[in-house]
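Structure file upload03.cif (mmCIF, C-alpha atoms) is printed below.
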```cif
data_work
#
loop_
_atom_site.group_PDB
_atom_site.id
_atom_site.type_symbol
_atom_site.label_atom_id
_atom_site.label_comp_id
_atom_site.auth_asym_id
_atom_site.auth_seq_id
_atom_site.Cartn_x
_atom_site.Cartn_y
_atom_site.Cartn_z
ATOM 1 C CA ARG A 178 106.866 70.897 106.526
ATOM 2 C CA ASN A 179 103.274 69.616 106.414
ATOM 3 C CA THR A 180 99.801 71.038 106.997
ATOM 4 C CA LEU A 181 100.376 71.054 110.774
ATOM 5 C CA GLY A 182 103.447 73.246 110.534
ATOM 6 C CA GLN A 183 107.205 73.369 110.232
ATOM 7 C CA ILE A 184 109.305 70.628 111.829
ATOM 8 C CA PRO A 185 112.880 71.618 112.721
ATOM 9 C CA LEU A 186 115.672 69.141 112.082
ATOM 10 C CA ASP A 187 118.216 68.356 114.780
ATOM 11 C CA VAL A 188 121.099 69.582 112.642
ATOM 12 C CA GLU A 189 123.679 69.087 115.397
ATOM 13 C CA PHE A 190 122.745 65.419 115.818
ATOM 14 C CA ILE A 191 122.604 64.874 112.049
ATOM 15 C CA ASP A 192 126.075 66.378 111.623
ATOM 16 C CA LYS A 193 127.426 63.945 114.219
ATOM 17 C CA LEU A 194 125.698 61.031 112.493
ATOM 18 C CA LEU A 195 127.070 61.916 109.069
ATOM 19 C CA LYS A 196 130.621 61.557 110.372
ATOM 20 C CA TYR A 197 130.032 57.814 110.159
ATOM 21 C CA PRO A 198 130.240 56.418 106.581
ATOM 22 C CA LEU A 199 127.361 54.089 107.452
ATOM 23 C CA PHE A 200 125.010 57.097 107.531
ATOM 24 C CA GLN A 201 124.716 59.249 104.422
ATOM 25 C CA ASN A 202 122.657 62.150 103.169
ATOM 26 C CA VAL A 203 120.658 60.700 100.258
ATOM 27 C CA PRO A 204 117.696 63.048 99.575
ATOM 28 C CA GLN A 205 116.161 60.708 96.977
ATOM 29 C CA THR A 206 115.290 58.154 99.640
ATOM 30 C CA HIS A 207 112.831 60.531 101.298
ATOM 31 C CA LYS A 208 111.134 61.227 97.965
ATOM 32 C CA LEU A 209 110.530 57.512 97.408
ATOM 33 C CA GLU A 210 109.761 56.412 100.985
ATOM 34 C CA HIS A 211 106.960 57.702 103.241
ATOM 35 C CA SER A 212 107.632 55.796 106.475
ATOM 36 C CA VAL A 213 109.026 58.906 108.178
ATOM 37 C CA GLN A 214 106.296 61.269 106.972
ATOM 38 C CA ILE A 215 103.399 59.182 108.258
ATOM 39 C CA GLU A 216 104.702 59.436 111.836
ATOM 40 C CA LEU A 217 104.974 63.226 111.825
ATOM 41 C CA PRO A 218 101.327 64.224 112.509
ATOM 42 C CA LEU A 219 101.285 61.977 115.585
ATOM 43 C CA LEU A 220 104.510 63.541 116.849
ATOM 44 C CA GLN A 221 103.276 67.064 116.156
ATOM 45 C CA TYR A 222 100.050 66.354 118.038
ATOM 46 C CA SER A 223 101.584 64.586 121.031
ATOM 47 C CA ARG A 224 105.061 66.074 121.452
ATOM 48 C CA LYS A 225 104.555 69.665 120.291
ATOM 49 C CA ASP A 226 108.164 70.843 120.658
ATOM 50 C CA PHE A 227 110.755 68.487 119.183
ATOM 51 C CA LYS A 228 113.559 68.258 116.642
ATOM 52 C CA LEU A 229 113.572 65.526 114.024
ATOM 53 C CA VAL A 230 116.302 63.188 112.778
ATOM 54 C CA PRO A 231 114.753 61.346 109.803
ATOM 55 C CA ILE A 232 116.535 58.085 108.936
ATOM 56 C CA VAL A 233 115.603 55.667 106.149
ATOM 57 C CA ALA A 234 117.178 52.200 106.256
ATOM 58 C CA GLY A 235 117.689 49.867 103.323
ATOM 59 C CA SER A 236 118.631 46.192 103.120
ATOM 60 C CA CYS A 237 121.704 45.400 105.190
ATOM 61 C CA SER A 238 123.431 42.573 107.006
ATOM 62 C CA PHE A 239 123.112 41.665 110.667
ATOM 63 C CA GLU A 240 126.596 43.123 111.184
ATOM 64 C CA THR A 241 125.500 46.442 109.681
ATOM 65 C CA ILE A 242 122.309 46.444 111.752
ATOM 66 C CA SER A 243 124.322 45.906 114.927
ATOM 67 C CA LYS A 244 126.810 48.606 113.971
ATOM 68 C CA ALA A 245 124.066 51.130 113.173
ATOM 69 C CA GLY A 246 122.395 50.367 116.494
ATOM 70 C CA ALA A 247 125.647 50.783 118.407
ATOM 71 C CA ILE A 248 126.374 54.142 116.741
ATOM 72 C CA LEU A 249 122.902 55.481 117.493
ATOM 73 C CA LYS A 250 123.032 54.129 121.024
ATOM 74 C CA GLY A 251 126.162 56.138 121.726
ATOM 75 C CA LEU A 252 124.658 59.361 120.370
ATOM 76 C CA ILE A 253 121.181 59.440 121.910
ATOM 77 C CA ASP A 254 120.224 60.197 125.506
ATOM 78 C CA LYS A 255 117.278 59.589 127.831
ATOM 79 C CA GLU A 256 115.370 62.484 126.256
ATOM 80 C CA THR A 257 115.470 60.876 122.795
ATOM 81 C CA LEU A 258 112.378 59.210 121.371
ATOM 82 C CA VAL A 259 113.270 56.517 118.828
ATOM 83 C CA ILE A 260 110.547 55.346 116.433
ATOM 84 C CA ALA A 261 110.800 52.379 114.068
ATOM 85 C CA SER A 262 108.126 52.963 111.429
ATOM 86 C CA SER A 263 106.757 49.926 109.614
ATOM 87 C CA ASP A 264 103.651 48.105 108.515
ATOM 88 C CA PHE A 265 103.400 44.441 109.421
ATOM 89 C CA THR A 266 102.355 41.632 107.075
ATOM 90 C CA HIS A 267 101.176 42.489 103.566
ATOM 91 C CA TYR A 268 99.001 39.535 102.565
ATOM 92 C CA GLY A 269 97.472 38.810 99.166
ATOM 93 C CA PRO A 270 98.226 38.578 95.437
ATOM 94 C CA SER A 271 98.744 42.333 95.148
ATOM 95 C CA PHE A 272 101.951 42.166 97.210
ATOM 96 C CA PRO A 273 102.447 39.178 96.221
ATOM 97 C CA TYR A 274 102.430 37.046 99.364
ATOM 98 C CA VAL A 275 99.930 34.188 99.767
ATOM 99 C CA PRO A 276 101.457 31.614 102.142
ATOM 100 C CA PHE A 277 97.993 30.279 103.077
ATOM 101 C CA THR A 278 94.478 30.350 101.620
ATOM 102 C CA GLU A 279 92.313 29.091 104.509
ATOM 103 C CA ASN A 280 91.466 30.690 107.857
ATOM 104 C CA ILE A 281 93.159 33.800 106.526
ATOM 105 C CA PRO A 282 92.404 36.256 109.401
ATOM 106 C CA GLU A 283 93.582 33.751 111.997
ATOM 107 C CA GLU A 284 96.693 32.782 110.027
ATOM 108 C CA ILE A 285 97.670 36.407 109.431
ATOM 109 C CA LYS A 286 97.402 37.156 113.142
ATOM 110 C CA LYS A 287 99.376 34.017 113.982
ATOM 111 C CA LEU A 288 102.116 35.114 111.580
ATOM 112 C CA ASP A 289 102.185 38.655 112.976
ATOM 113 C CA MET A 290 102.187 37.556 116.605
ATOM 114 C CA GLY A 291 105.045 35.184 115.842
ATOM 115 C CA ALA A 292 107.110 38.179 114.753
ATOM 116 C CA TYR A 293 105.954 40.267 117.703
ATOM 117 C CA GLU A 294 107.032 37.553 120.139
ATOM 118 C CA TYR A 295 110.650 38.094 119.099
ATOM 119 C CA ILE A 296 110.185 41.856 119.348
ATOM 120 C CA ALA A 297 108.712 41.540 122.852
ATOM 121 C CA ASN A 298 111.705 39.411 123.855
ATOM 122 C CA LEU A 299 114.123 41.983 122.370
ATOM 123 C CA ASP A 300 115.513 39.188 120.195
ATOM 124 C CA CYS A 301 116.958 40.928 117.154
ATOM 125 C CA GLY A 302 118.574 37.808 115.686
ATOM 126 C CA GLY A 303 115.460 35.708 116.234
ATOM 127 C CA PHE A 304 113.282 38.378 114.628
ATOM 128 C CA LEU A 305 115.482 38.500 111.526
ATOM 129 C CA LYS A 306 115.545 34.707 111.268
ATOM 130 C CA TYR A 307 111.746 34.575 111.606
ATOM 131 C CA LYS A 308 111.427 37.115 108.800
ATOM 132 C CA GLN A 309 113.721 35.027 106.618
ATOM 133 C CA THR A 310 112.114 31.639 107.278
ATOM 134 C CA THR A 311 108.488 32.777 106.968
ATOM 135 C CA GLY A 312 108.970 35.393 104.262
ATOM 136 C CA ALA A 313 106.771 37.694 106.353
ATOM 137 C CA THR A 314 106.313 40.915 104.397
ATOM 138 C CA ILE A 315 107.159 43.328 107.207
ATOM 139 C CA CYS A 316 108.444 46.227 105.112
ATOM 140 C CA GLY A 317 110.333 48.025 107.886
ATOM 141 C CA TYR A 318 111.953 44.990 109.452
ATOM 142 C CA ILE A 319 115.419 46.571 109.220
ATOM 143 C CA PRO A 320 114.488 49.660 111.317
ATOM 144 C CA ILE A 321 112.758 47.353 113.804
ATOM 145 C CA ALA A 322 115.891 45.208 114.015
ATOM 146 C CA ILE A 323 118.099 48.278 114.514
ATOM 147 C CA LEU A 324 115.852 49.418 117.368
ATOM 148 C CA LEU A 325 115.973 45.952 118.962
ATOM 149 C CA SER A 326 119.768 45.976 118.741
ATOM 150 C CA MET A 327 119.794 49.198 120.783
ATOM 151 C CA LEU A 328 117.660 47.962 123.671
ATOM 152 C CA GLU A 329 119.015 46.450 126.868
ATOM 153 C CA GLU A 330 117.708 43.550 128.915
ATOM 154 C CA GLY A 331 115.020 44.799 131.276
ATOM 155 C CA THR A 332 113.335 47.048 128.735
ATOM 156 C CA GLN A 333 109.556 46.831 129.113
ATOM 157 C CA VAL A 334 107.542 46.192 125.958
ATOM 158 C CA GLU A 335 103.828 46.965 125.757
ATOM 159 C CA LEU A 336 101.596 45.999 122.845
ATOM 160 C CA ILE A 337 99.335 49.001 122.302
ATOM 161 C CA LYS A 338 97.241 48.077 119.276
ATOM 162 C CA TYR A 339 97.010 45.418 116.580
ATOM 163 C CA ALA A 340 94.698 45.590 113.572
ATOM 164 C CA THR A 341 94.412 44.622 109.923
ATOM 165 C CA SER A 342 92.915 46.402 106.945
ATOM 166 C CA GLY A 343 90.963 43.222 106.237
ATOM 167 C CA GLU A 344 89.059 43.688 109.488
ATOM 168 C CA LEU A 345 88.086 47.214 108.455
ATOM 169 C CA THR A 346 87.038 46.362 104.894
ATOM 170 C CA GLY A 347 85.688 42.882 105.531
ATOM 171 C CA ASP A 348 87.814 41.641 102.627
ATOM 172 C CA PHE A 349 90.977 39.630 103.271
ATOM 173 C CA THR A 350 91.832 39.056 99.612
ATOM 174 C CA ASN A 351 94.522 41.656 100.196
ATOM 175 C CA SER A 352 95.245 42.798 103.734
ATOM 176 C CA VAL A 353 97.876 44.851 105.543
ATOM 177 C CA SER A 354 98.588 44.406 109.245
ATOM 178 C CA TYR A 355 99.441 47.197 111.675
ATOM 179 C CA LEU A 356 100.971 46.896 115.127
ATOM 180 C CA SER A 357 102.105 49.513 117.617
ATOM 181 C CA ALA A 358 104.234 48.815 120.667
ATOM 182 C CA ALA A 359 105.983 50.972 123.261
ATOM 183 C CA PHE A 360 109.427 50.346 124.755
ATOM 184 C CA SER A 361 110.332 51.871 128.104
ATOM 185 C CA GLY A 362 112.953 51.560 130.810
ATOM 186 C CA THR A 363 115.917 53.300 132.370
ATOM 187 C CA TRP A 364 118.586 54.709 130.081
ATOM 188 C CA GLN A 365 122.245 55.236 130.754
ATOM 189 C CA ASN A 366 124.947 56.882 128.702
ATOM 190 C CA TYR A 367 126.618 54.357 126.419
ATOM 191 C CA PRO A 368 130.114 54.527 124.924
ATOM 192 C CA LEU A 369 130.410 56.637 121.817
ATOM 193 C CA ILE A 370 131.807 54.753 118.845
ATOM 194 C CA GLU A 371 134.416 56.958 117.217
ATOM 195 C CA PRO A 372 133.828 57.472 113.493
ATOM 196 C CA GLN A 373 136.424 56.104 111.119
ATOM 197 C CA ASN A 374 137.636 58.788 108.777
ATOM 198 C CA SER A 375 137.028 58.015 105.125
ATOM 199 C CA ASN A 376 139.631 58.950 102.560
ATOM 200 C CA LEU A 377 136.905 59.408 99.978
ATOM 201 C CA LYS A 378 137.273 62.824 98.369
ATOM 202 C CA LEU A 379 135.836 62.880 94.893
ATOM 203 C CA THR A 380 137.531 65.125 92.376
ATOM 204 C CA GLU A 381 135.690 66.626 89.425
ATOM 205 C CA GLU A 382 137.335 63.970 87.261
ATOM 206 C CA ASP A 383 136.051 61.213 89.584
ATOM 207 C CA LYS A 384 132.523 62.589 89.277
ATOM 208 C CA LYS A 385 132.866 62.749 85.499
ATOM 209 C CA GLN A 386 134.080 59.144 85.370
ATOM 210 C CA LEU A 387 131.165 57.947 87.528
ATOM 211 C CA LEU A 388 128.638 59.732 85.315
ATOM 212 C CA THR A 389 130.229 58.246 82.194
ATOM 213 C CA LEU A 390 130.262 54.829 83.843
ATOM 214 C CA ALA A 391 126.532 55.023 84.608
ATOM 215 C CA ARG A 392 125.618 56.132 81.093
ATOM 216 C CA GLU A 393 127.907 53.742 79.235
ATOM 217 C CA SER A 394 126.826 50.731 81.296
ATOM 218 C CA ILE A 395 123.222 51.188 80.145
ATOM 219 C CA ILE A 396 124.277 51.491 76.502
ATOM 220 C CA TYR A 397 126.511 48.423 76.885
ATOM 221 C CA VAL A 398 123.640 46.311 78.213
ATOM 222 C CA LEU A 399 121.434 47.403 75.313
ATOM 223 C CA GLU A 400 124.095 46.392 72.794
ATOM 224 C CA LYS A 401 125.723 43.349 74.417
ATOM 225 C CA ARG A 402 122.865 42.023 76.563
ATOM 226 C CA ARG A 403 125.087 41.611 79.619
ATOM 227 C CA ILE A 404 126.405 43.751 82.455
ATOM 228 C CA PRO A 405 129.917 45.018 81.685
ATOM 229 C CA GLU A 406 133.022 45.227 83.777
ATOM 230 C CA ALA A 407 134.177 48.785 84.392
ATOM 231 C CA SER A 408 137.382 48.025 82.465
ATOM 232 C CA GLU A 409 135.294 47.365 79.339
ATOM 233 C CA LEU A 410 133.934 50.911 79.430
ATOM 234 C CA GLY A 411 137.258 52.734 79.338
ATOM 235 C CA ILE A 412 136.790 54.195 82.813
ATOM 236 C CA THR A 413 139.670 55.360 84.979
ATOM 237 C CA ILE A 414 139.143 53.846 88.425
ATOM 238 C CA SER A 415 140.786 56.079 91.023
ATOM 239 C CA GLU A 416 141.412 55.109 94.630
ATOM 240 C CA ALA A 417 138.539 57.341 95.727
ATOM 241 C CA ILE A 418 135.906 55.502 93.695
ATOM 242 C CA ARG A 419 137.282 52.127 94.802
ATOM 243 C CA GLU A 420 136.197 52.829 98.381
ATOM 244 C CA PRO A 421 132.972 51.173 99.581
ATOM 245 C CA ARG A 422 130.254 53.771 99.209
ATOM 246 C CA ALA A 423 126.531 53.916 98.552
ATOM 247 C CA ALA A 424 125.134 55.603 95.457
ATOM 248 C CA PHE A 425 121.798 56.303 93.806
ATOM 249 C CA VAL A 426 121.417 56.497 90.036
ATOM 250 C CA THR A 427 118.501 58.577 88.757
ATOM 251 C CA LEU A 428 117.441 58.538 85.109
ATOM 252 C CA LYS A 429 115.406 61.384 83.651
ATOM 253 C CA LYS A 430 113.704 61.861 80.293
ATOM 254 C CA ASN A 431 112.490 65.341 79.381
ATOM 255 C CA SER A 432 113.043 66.329 83.034
ATOM 256 C CA GLN A 433 110.714 63.518 84.180
ATOM 257 C CA LEU A 434 111.765 60.564 86.315
ATOM 258 C CA ARG A 435 112.579 57.518 84.151
ATOM 259 C CA GLY A 436 114.151 55.278 86.783
ATOM 260 C CA CYS A 437 115.849 55.476 90.168
ATOM 261 C CA ILE A 438 117.548 52.736 92.178
ATOM 262 C CA GLY A 439 120.384 52.873 94.681
ATOM 263 C CA ASP A 440 122.051 51.692 97.855
ATOM 264 C CA ILE A 441 121.420 53.306 101.216
ATOM 265 C CA PHE A 442 124.292 51.513 102.926
ATOM 266 C CA PRO A 443 127.784 50.960 101.453
ATOM 267 C CA GLN A 444 127.912 47.431 100.056
ATOM 268 C CA ARG A 445 130.641 47.569 97.392
ATOM 269 C CA PRO A 446 133.146 49.939 95.745
ATOM 270 C CA LEU A 447 131.579 53.199 94.625
ATOM 271 C CA TYR A 448 132.263 52.562 90.942
ATOM 272 C CA LYS A 449 130.471 49.195 91.135
ATOM 273 C CA SER A 450 127.565 50.797 92.970
ATOM 274 C CA ALA A 451 127.241 53.358 90.162
ATOM 275 C CA LEU A 452 127.501 50.678 87.471
ATOM 276 C CA TYR A 453 125.003 48.188 88.909
ATOM 277 C CA ASN A 454 122.514 50.803 90.056
ATOM 278 C CA ALA A 455 122.565 52.402 86.608
ATOM 279 C CA VAL A 456 121.699 49.039 85.068
ATOM 280 C CA ASN A 457 119.018 48.410 87.687
ATOM 281 C CA ALA A 458 117.517 51.874 87.219
ATOM 282 C CA GLY A 459 117.463 51.375 83.458
ATOM 283 C CA PHE A 460 116.095 47.855 83.308
ATOM 284 C CA ARG A 461 114.788 46.721 86.706
ATOM 285 C CA ASP A 462 112.834 49.623 88.149
ATOM 286 C CA ARG A 463 109.373 48.023 88.182
ATOM 287 C CA ARG A 464 107.672 51.389 87.932
ATOM 288 C CA PHE A 465 108.921 51.823 84.378
ATOM 289 C CA SER A 466 109.454 49.801 81.214
ATOM 290 C CA PRO A 467 113.106 49.012 80.374
ATOM 291 C CA VAL A 468 115.116 51.753 78.701
ATOM 292 C CA THR A 469 115.358 51.418 74.900
ATOM 293 C CA LYS A 470 118.121 52.189 72.399
ATOM 294 C CA ALA A 471 116.002 54.971 70.916
ATOM 295 C CA GLU A 472 115.897 56.756 74.270
ATOM 296 C CA CYS A 473 119.672 56.605 74.608
ATOM 297 C CA ASN A 474 120.121 58.243 71.228
#
```
Entire entry expressed as C-alpha cells:
Amino acid sequence: RNTLGQIPLDVEFIDKLLKYPLFQNVPQTHKLEHSVQIELPLLQYSRKDFKLVPIVAGSCSFETISKAGAILKGLIDKETLVIASSDFTHYGPSFPYVPFTENIPEEIKKLDMGAYEYIANLDCGGFLKYKQTTGATICGYIPIAILLSMLEEGTQVELIKYATSGELTGDFTNSVSYLSAAFSGTWQNYPLIEPQNSNLKLTEEDKKQLLTLARESIIYVLEKRRIPEASELGITISEAIREPRAAFVTLKKNSQLRGCIGDIFPQRPLYKSALYNAVNAGFRDRRFSPVTKAECN
C-alpha cells in the first residue's frame, strides 16, 4: 500500500512460484530494498488494474539466472508485464567507483551504452561479462540478466530515455545514471518446469539448533577471532539443515535493528548459511559497528 492506494498481490502466481526452492518468501529483503517500490506509482498511474508479484534478486551464478528465467518463462503469459528495476552506473567516490577522472560525462555515457548494447542484443552472457570486466556499478544487473534470459530472438528493444543525475545537478563528482527501455514482441506458451520437491521440513529442534548456531558463532568469533566450524559449537546437524537453503540472520538490540545479512538464493547448506550470515550480520554489516563482547553479555 502507498499513497496512491492498495495494490493486490497475485497470490495464485506467488504460490506457484514458491513451489520452486529457488524462490523463497523472505520479507526482510523488501524492508532493505526499494527497487520494487519505486516502480509502483508508475504502474498505478499507467496500468490502473493489475496484480503484483514482487521479486527481489540477490547475487547468483549464470546457471541460477538461467534457471530463474526458465521458471518464470513457463509461468507467465502474454498478459504479463515483466519489469527489471535498476539504476545504471553509480560514478564517484561516494559509491566508490572512479574508473576515470577526465571527460567524465562522456565516459559515463560510453560505459552505460556499452552495457545497453548487450541488452539491446538480448545477450545475457555478454552483459554479465561486461559487468564483470568493467566493474560497472549497475545495481540491478541480476534482474536485468534474468529478464534477458527470458527473451527470445526477434524481441524488439526500444531505448526510451537515458539521463544522469550529473546532468541535472551540473556536478559529476558523484553521478547516477538512469536508463529505460521497452521490450516487445509475440509471446507463446513455454514449457513449464516442474518444481523439484524439497525434503526440507524443519522441526522445532532444528529451529532451536539454527538459532543456537547463529548466536554461538558470533560469541566464538569474539573469543577466538576466527569463524568456527559448526562441529566446534556443539550443534546437532540434521539432514534437514544440511539441505541447500537461503537464510537471513537479523540481530536486534533493545528491539532495534543491530545487523541483518542473508542469502536470497540457496548457495550452501542451511546450517552454513545461518553460521556465516550470523557472523556477517555481527561484524560486516557496514551500517553498524561490529558487535562487542559487552553486547553479547
Which residue of A:Val230, A:Ala471, A:Ile242, A:Leu428 approaches Thr257 (chain A) most closely, using all atoms listed in the file: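 Using all atoms listed in the file, Thr257 (chain A) sits closest to A:Val230.
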Residue neighbourhood region 447-457 of chain A, 8 Å, all atoms listed in the file, exclusion window fewer than 3 positions, as a ChimeraX atom specification: /A:387,390-392,394-395,398,404,407,414,418-427,438-440,444,460-462
Step by step, work through what the PyMOL selection byres ((chain A and resi 417) around 8) selects in the shown file, and finish by giving those residues as a compact mmCIF listing (two decimals) with C-alpha atoms, keeping the file's coordinate frame.
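Once written, part-v3.txt looks like this:
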```txt
# COMPACT_ATOMS: atom_id res chain seq x y z
CA ASN A 376 139.63 58.95 102.56
CA LEU A 377 136.90 59.41 99.98
CA LYS A 378 137.27 62.82 98.37
CA LEU A 379 135.84 62.88 94.89
CA ASP A 383 136.05 61.21 89.58
CA SER A 415 140.79 56.08 91.02
CA GLU A 416 141.41 55.11 94.63
CA ILE A 418 135.91 55.50 93.70
CA ARG A 419 137.28 52.13 94.80
CA GLU A 420 136.20 52.83 98.38
```
Residue IDs satisfying the PyMOL selection byres ((chain A and resi 324) around 12), as number ranges by chain: A: 234, 242-250, 258-263, 296-297, 299-301, 304, 317-323, 325-329, 332, 359-360
Restricted to C-alpha atoms, what would the selected residues look like written as a CSV table (one decimal), in the frame of the given file?
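The resulting result.csv:
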```
chain,number,residue,atom,x,y,z
A,234,ALA,CA,117.2,52.2,106.3
A,242,ILE,CA,122.3,46.4,111.8
A,243,SER,CA,124.3,45.9,114.9
A,244,LYS,CA,126.8,48.6,114.0
A,245,ALA,CA,124.1,51.1,113.2
A,246,GLY,CA,122.4,50.4,116.5
A,247,ALA,CA,125.6,50.8,118.4
A,248,ILE,CA,126.4,54.1,116.7
A,249,LEU,CA,122.9,55.5,117.5
A,250,LYS,CA,123.0,54.1,121.0
A,258,LEU,CA,112.4,59.2,121.4
A,259,VAL,CA,113.3,56.5,118.8
A,260,ILE,CA,110.5,55.3,116.4
A,261,ALA,CA,110.8,52.4,114.1
A,262,SER,CA,108.1,53.0,111.4
A,263,SER,CA,106.8,49.9,109.6
A,296,ILE,CA,110.2,41.9,119.3
A,297,ALA,CA,108.7,41.5,122.9
A,299,LEU,CA,114.1,42.0,122.4
A,300,ASP,CA,115.5,39.2,120.2
A,301,CYS,CA,117.0,40.9,117.2
A,304,PHE,CA,113.3,38.4,114.6
A,317,GLY,CA,110.3,48.0,107.9
A,318,TYR,CA,112.0,45.0,109.5
A,319,ILE,CA,115.4,46.6,109.2
A,320,PRO,CA,114.5,49.7,111.3
A,321,ILE,CA,112.8,47.4,113.8
A,322,ALA,CA,115.9,45.2,114.0
A,323,ILE,CA,118.1,48.3,114.5
A,325,LEU,CA,116.0,46.0,119.0
A,326,SER,CA,119.8,46.0,118.7
A,327,MET,CA,119.8,49.2,120.8
A,328,LEU,CA,117.7,48.0,123.7
A,329,GLU,CA,119.0,46.4,126.9
A,332,THR,CA,113.3,47.0,128.7
A,359,ALA,CA,106.0,51.0,123.3
A,360,PHE,CA,109.4,50.3,124.8
```
Explicit residue set for the PyMOL selection byres ((chain A and resi 283-287) around 9), as JSON, numbers by chain: {"A": [266, 268, 277, 279, 280, 281, 282, 288, 289, 290, 291, 292, 339, 340, 341, 352, 354]}
Just to be explicit: take each residue in the selection above, keep C-alpha atoms, and write the result as a PDB file, in the coordinates of the input.
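File produced: result.pdb:
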```pdb
ATOM      1  CA  THR A 266     102.355  41.632 107.075  1.00  0.00           C
ATOM      2  CA  TYR A 268      99.001  39.535 102.565  1.00  0.00           C
ATOM      3  CA  PHE A 277      97.993  30.279 103.077  1.00  0.00           C
ATOM      4  CA  GLU A 279      92.313  29.091 104.509  1.00  0.00           C
ATOM      5  CA  ASN A 280      91.466  30.690 107.857  1.00  0.00           C
ATOM      6  CA  ILE A 281      93.159  33.800 106.526  1.00  0.00           C
ATOM      7  CA  PRO A 282      92.404  36.256 109.401  1.00  0.00           C
ATOM      8  CA  LEU A 288     102.116  35.114 111.580  1.00  0.00           C
ATOM      9  CA  ASP A 289     102.185  38.655 112.976  1.00  0.00           C
ATOM     10  CA  MET A 290     102.187  37.556 116.605  1.00  0.00           C
ATOM     11  CA  GLY A 291     105.045  35.184 115.842  1.00  0.00           C
ATOM     12  CA  ALA A 292     107.110  38.179 114.753  1.00  0.00           C
ATOM     13  CA  TYR A 339      97.010  45.418 116.580  1.00  0.00           C
ATOM     14  CA  ALA A 340      94.698  45.590 113.572  1.00  0.00           C
ATOM     15  CA  THR A 341      94.412  44.622 109.923  1.00  0.00           C
ATOM     16  CA  SER A 352      95.245  42.798 103.734  1.00  0.00           C
ATOM     17  CA  SER A 354      98.588  44.406 109.245  1.00  0.00           C
TER      18      SER A 354
END
```
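Between CA of Val468 (chain A) and CA of Ile396 (chain A) lies a distance of 9.4 Å.
Checking A:Leu195, A:Leu410, A:Leu345, A:Leu336 one by one against Glu393 (chain A), counting only C-alpha atoms, you find the shortest gap at A:Leu410.
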Nearest residue to Glu382 (chain A) from the set A:Ile370, A:Thr413, A:Trp364, A:Tyr397 (distances using all atoms listed in the file):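 Closest to Glu382 (chain A), using all atoms listed in the file: A:Thr413.
In this comparison, which uses only C-alpha atoms, the residue of A:Ile253, A:Leu181, A:Val233, A:Ile215 approaching Tyr367 (chain A) most closely is A:Ile253.
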Nearest to Glu472 (chain A), chosen from A:Ala458, A:Arg445, A:Asn431, A:Phe200, with only C-alpha atoms counted in the distances: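 Closest to Glu472 (chain A) of all the choices is A:Asn431.
Nearest residue to Asp348 (chain A) among A:Leu199, A:Gln183, A:Gly269, A:Lys384 is A:Gly269, counting only C-alpha atoms.
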Nearby residues (all atoms listed in the file) at most 9 Å from Leu229 (chain A), same-chain spacing under 3 positions excluded, as a count of residues only: 5
Computed interatomic separation between CA of Thr278 (chain A) and CA of Gly343 (chain A) (Å):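 A separation of 14.1 Å between them.
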Two-atom distance - CA of Cys316 (chain A), CA of Val353 (chain A) (Å):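 Atom-to-atom, CA of Cys316 (chain A) and CA of Val353 (chain A) are spaced 10.7 Å apart.
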